[in-house]
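These notes are about the structure you will find just below.
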Amino acid sequence: MAEPIRQIKKYPNRRLYDTLTSSYITLSDVKEMVLQFEHFQVLDAKTGEDLTRSILLQILLEEESCGLPLFSSDLLSLIIRLYGNAMQGMLGKYLENNIHGFLEFQHKLQEQSKAVFGDNSQTHADFLAQFLNFQQPAMQSMMKAYMDQSQKMFQQMQEQIQTQARNIFAYAPADAHMAGR
């Protein structure tokens, strides 16, 4: 049986109310829910509109303004340029799948580190930092190869879509738009 989705209500005064705990919470609390893999939904208290994405974007904005940002200005510019593009919907799923793959890789590294060093989190963190520092050139090369492969797959997918579109329109009469007159 599926776990019910935790409901968070957002009021006009910008306060967030957790219906599970019957208390007001902060964006930091919502971030903690994300980190704990809790399923939740943020709804406008008046209209019932789903505001989850907007709240998650707020959390990203806060994270980006503190410390070392994840997104460079160039990356953000590229993402903005993709809005309105015919491939926008597909790109979102593509990025999501790639990030899932990256997280799986990270999880496997962490599991291997735990197998060697046990649950000592400091030793584990030091090992990962040293490993990644030592392996940085190899990791960059591997990521470049992965991105090159992904780009080729994306281009092949685009070519297949173009071929399918040509095939669909090849069977349509050339003057079909005139038939309605």
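In the structure tokens, the first chain shown is A, the next is B, and so on; residue numbers restart at 1 for each chain, and ligands run from 1 in the order shown.
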
Report task. Would you mind listing what lies within 12 Å of Ser150 of chain A as a PyMOL selection string, with only C-alpha atoms counted and same-chain residues fewer than 3 positions away left out? Result -> chain A and resi 91+94-95+97-98+143-147+153-157

Now that the selection is made, can you save its residues with all heavy atoms as a short mmCIF file (atom, residue, chain, number, x, y, z; two decimals), in the first residue's frame?
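Once everything was written out, this is result35.cif:
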```
data_model
loop_
_atom_site.label_atom_id
_atom_site.label_comp_id
_atom_site.auth_asym_id
_atom_site.auth_seq_id
_atom_site.Cartn_x
_atom_site.Cartn_y
_atom_site.Cartn_z
N LEU A 91 14.12 16.89 -22.65
CA LEU A 91 15.36 17.24 -21.98
C LEU A 91 15.22 17.11 -20.46
O LEU A 91 16.14 16.64 -19.79
CB LEU A 91 15.82 18.64 -22.35
CG LEU A 91 17.16 19.03 -21.73
CD1 LEU A 91 18.28 18.17 -22.32
CD2 LEU A 91 17.44 20.48 -21.94
N TYR A 94 15.62 13.58 -19.64
CA TYR A 94 17.01 13.21 -19.90
C TYR A 94 17.90 13.63 -18.72
O TYR A 94 18.70 12.85 -18.22
CB TYR A 94 17.46 13.88 -21.21
CG TYR A 94 18.93 13.77 -21.51
CD1 TYR A 94 19.46 12.62 -22.06
CD2 TYR A 94 19.79 14.85 -21.26
CE1 TYR A 94 20.81 12.52 -22.35
CE2 TYR A 94 21.14 14.76 -21.54
CZ TYR A 94 21.64 13.60 -22.09
OH TYR A 94 22.97 13.50 -22.36
N LEU A 95 17.75 14.88 -18.28
CA LEU A 95 18.54 15.37 -17.15
C LEU A 95 18.21 14.59 -15.87
O LEU A 95 19.11 14.23 -15.10
CB LEU A 95 18.29 16.86 -16.92
CG LEU A 95 18.83 17.80 -17.99
CD1 LEU A 95 18.35 19.23 -17.74
CD2 LEU A 95 20.34 17.73 -18.06
N ASN A 97 17.15 11.49 -15.60
CA ASN A 97 17.76 10.16 -15.69
C ASN A 97 19.26 10.22 -15.46
O ASN A 97 19.83 9.34 -14.80
CB ASN A 97 17.46 9.52 -17.05
CG ASN A 97 16.01 9.09 -17.17
OD1 ASN A 97 15.34 8.86 -16.18
ND2 ASN A 97 15.54 9.01 -18.40
N ASN A 98 19.92 11.23 -16.00
CA ASN A 98 21.37 11.36 -15.81
C ASN A 98 21.72 11.63 -14.35
O ASN A 98 22.70 11.10 -13.84
CB ASN A 98 21.93 12.45 -16.72
CG ASN A 98 22.17 11.94 -18.12
OD1 ASN A 98 22.96 11.04 -18.32
ND2 ASN A 98 21.47 12.51 -19.07
N MET A 143 33.45 11.06 -17.31
CA MET A 143 32.25 11.88 -17.47
C MET A 143 32.18 12.46 -18.88
O MET A 143 31.11 12.53 -19.47
CB MET A 143 32.21 13.00 -16.43
CG MET A 143 31.95 12.51 -15.02
SD MET A 143 30.43 11.59 -14.84
CE MET A 143 29.24 12.91 -14.94
N LYS A 144 33.33 12.85 -19.45
CA LYS A 144 33.35 13.36 -20.82
C LYS A 144 32.91 12.27 -21.79
O LYS A 144 32.11 12.51 -22.69
CB LYS A 144 34.73 13.89 -21.20
CG LYS A 144 34.76 14.49 -22.61
CD LYS A 144 36.10 15.01 -22.98
CE LYS A 144 36.20 15.58 -24.36
NZ LYS A 144 35.21 15.26 -25.33
N ALA A 145 33.44 11.06 -21.61
CA ALA A 145 33.05 9.95 -22.47
C ALA A 145 31.55 9.67 -22.33
O ALA A 145 30.86 9.43 -23.33
CB ALA A 145 33.86 8.70 -22.13
N TYR A 146 31.06 9.72 -21.10
CA TYR A 146 29.63 9.50 -20.86
C TYR A 146 28.80 10.59 -21.54
O TYR A 146 27.79 10.30 -22.18
CB TYR A 146 29.36 9.49 -19.35
CG TYR A 146 27.91 9.42 -18.99
CD1 TYR A 146 27.21 8.22 -19.13
CD2 TYR A 146 27.24 10.52 -18.51
CE1 TYR A 146 25.87 8.14 -18.82
CE2 TYR A 146 25.90 10.45 -18.19
CZ TYR A 146 25.22 9.26 -18.34
OH TYR A 146 23.89 9.20 -18.03
N MET A 147 29.23 11.84 -21.42
CA MET A 147 28.49 12.94 -22.03
C MET A 147 28.56 12.85 -23.55
O MET A 147 27.57 13.12 -24.23
CB MET A 147 29.02 14.30 -21.54
CG MET A 147 28.74 14.55 -20.06
SD MET A 147 27.02 14.33 -19.59
CE MET A 147 26.26 15.67 -20.47
N MET A 153 23.65 9.60 -28.44
CA MET A 153 22.32 8.99 -28.30
C MET A 153 21.23 10.02 -28.53
O MET A 153 20.23 9.75 -29.19
CB MET A 153 22.18 8.35 -26.91
CG MET A 153 22.97 7.09 -26.74
SD MET A 153 22.91 6.40 -25.06
CE MET A 153 21.16 6.31 -24.76
N PHE A 154 21.42 11.22 -28.02
CA PHE A 154 20.46 12.29 -28.19
C PHE A 154 20.34 12.66 -29.67
O PHE A 154 19.23 12.85 -30.18
CB PHE A 154 20.87 13.51 -27.35
CG PHE A 154 19.82 14.56 -27.24
CD1 PHE A 154 18.70 14.35 -26.45
CD2 PHE A 154 19.94 15.76 -27.93
CE1 PHE A 154 17.72 15.32 -26.34
CE2 PHE A 154 18.97 16.73 -27.82
CZ PHE A 154 17.85 16.51 -27.03
N GLN A 155 21.47 12.74 -30.36
CA GLN A 155 21.45 13.04 -31.80
C GLN A 155 20.76 11.94 -32.58
O GLN A 155 19.98 12.21 -33.50
CB GLN A 155 22.87 13.25 -32.31
CG GLN A 155 23.48 14.56 -31.88
CD GLN A 155 24.96 14.67 -32.25
OE1 GLN A 155 25.63 13.67 -32.48
NE2 GLN A 155 25.46 15.90 -32.26
N GLN A 156 21.01 10.68 -32.21
CA GLN A 156 20.35 9.57 -32.88
C GLN A 156 18.84 9.63 -32.65
O GLN A 156 18.06 9.38 -33.57
CB GLN A 156 20.90 8.24 -32.38
CG GLN A 156 22.31 7.94 -32.84
CD GLN A 156 22.89 6.71 -32.17
OE1 GLN A 156 22.35 6.18 -31.20
NE2 GLN A 156 24.02 6.25 -32.69
N MET A 157 18.44 9.95 -31.44
CA MET A 157 17.03 10.07 -31.13
C MET A 157 16.40 11.19 -31.96
O MET A 157 15.32 11.03 -32.52
CB MET A 157 16.84 10.35 -29.63
CG MET A 157 15.40 10.42 -29.19
SD MET A 157 15.24 10.60 -27.40
CE MET A 157 16.06 12.16 -27.13
#
```

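When only C-alpha atoms are used to measure the gap to Leu57 of chain A, the shortest distance among A:Leu27, A:His107, A:Pro12, A:Asn167 belongs to A:Leu27.
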
Query raised in the report: Quick one: residues within 10 Å of Leu56 of chain A, only C-alpha atoms counted, chain neighbours fewer than 4 positions away excluded, as number ranges by chain?
Result: A: 27, 30-31, 34, 42, 51-52, 60-62

Requested in this report: Calculate how many Å separate atom CA of Glu38 of chain A from atom CA of Ile5 of chain A, rounding to one decimal.
Outcome: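 A separation of 8.2 Å between them.
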
Query raised in the report: With distances taken over only C-alpha atoms, which of A:Gln36, A:Ser113, A:Ser28, A:Ser77 is nearest to Gln58 of chain A?
Result: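 The shortest atom-to-atom distance to Gln58 of chain A comes from A:Ser28.
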
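Across chain A, DSSP run on the backbone finds strand (DSSP E or B) at Arg6, Gln7, Ile8, Lys9, Lys10, Leu16, Tyr17, Asp18, Ser23, Tyr24, Ile25, Phe40, Gln41, Val42, Leu43, Asp44 and Asp50 of chain A.
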
Report task. In Å, rounded to a single decimal, give me how far atom CA of Ala45 of chain A is from atom CA of Arg15 of chain A. Result ->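 Calculated distance between atom CA of Arg15 of chain A and atom CA of Ala45 of chain A is 10.1 Å.
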
Query raised in the report: Distance atom CA of Gln158 of chain A-atom CA of Gly101 of chain A, one decimal place?
Result: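 Atom CA of Gly101 of chain A lies 21.8 Å from atom CA of Gln158 of chain A.
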
Requested in this report: If you run DSSP over the backbone, which residues in segment 36-173 of chain A end up helix (DSSP H, G or I)? Put them as number ranges by chain.
Outcome: A: 52-65, 73-82, 88-117, 121-170

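With only C-alpha atoms as the basis for measurement, A:Asp126 is the residue among A:Arg6, A:Gly67, A:Asp126, A:Leu78 that approaches Lys114 of chain A most closely.
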
Query raised in the report: Got a sec: who's within 12 Å of Ser22 of chain A, counting only C-alpha atoms, leaving out chain neighbours fewer than 3 positions off, as an MDAnalysis selection string?
Result: chainID A and resid 6:9 16:19 25

Selection to disk with N, CA and C atoms, as a PDB file, in the first residue's frame:
```pdb
ATOM      1  N   ARG A   6       2.430  13.570   2.196  1.00  0.00           N
ATOM      2  CA  ARG A   6       2.350  14.564   3.274  1.00  0.00           C
ATOM      3  C   ARG A   6       1.915  15.903   2.692  1.00  0.00           C
ATOM      4  N   GLN A   7       0.915  16.522   3.277  1.00  0.00           N
ATOM      5  CA  GLN A   7       0.368  17.774   2.775  1.00  0.00           C
ATOM      6  C   GLN A   7       0.929  18.966   3.549  1.00  0.00           C
ATOM      7  N   ILE A   8       1.457  19.913   2.793  1.00  0.00           N
ATOM      8  CA  ILE A   8       1.948  21.167   3.365  1.00  0.00           C
ATOM      9  C   ILE A   8       1.088  22.270   2.740  1.00  0.00           C
ATOM     10  N   LYS A   9       0.540  23.132   3.566  1.00  0.00           N
ATOM     11  CA  LYS A   9      -0.267  24.235   3.050  1.00  0.00           C
ATOM     12  C   LYS A   9       0.536  25.521   3.140  1.00  0.00           C
ATOM     13  N   LEU A  16       4.328  28.205   5.886  1.00  0.00           N
ATOM     14  CA  LEU A  16       4.052  26.826   5.487  1.00  0.00           C
ATOM     15  C   LEU A  16       3.516  26.066   6.702  1.00  0.00           C
ATOM     16  N   TYR A  17       2.410  25.350   6.501  1.00  0.00           N
ATOM     17  CA  TYR A  17       1.776  24.615   7.589  1.00  0.00           C
ATOM     18  C   TYR A  17       1.765  23.137   7.251  1.00  0.00           C
ATOM     19  N   ASP A  18       2.397  22.337   8.113  1.00  0.00           N
ATOM     20  CA  ASP A  18       2.467  20.890   7.928  1.00  0.00           C
ATOM     21  C   ASP A  18       1.223  20.268   8.564  1.00  0.00           C
ATOM     22  N   THR A  19       0.364  19.668   7.734  1.00  0.00           N
ATOM     23  CA  THR A  19      -0.880  19.091   8.259  1.00  0.00           C
ATOM     24  C   THR A  19      -0.623  17.821   9.062  1.00  0.00           C
ATOM     25  N   ILE A  25       6.114  25.273   9.552  1.00  0.00           N
ATOM     26  CA  ILE A  25       7.467  24.820   9.270  1.00  0.00           C
ATOM     27  C   ILE A  25       8.156  25.847   8.374  1.00  0.00           C
TER      28      ILE A  25
END
```
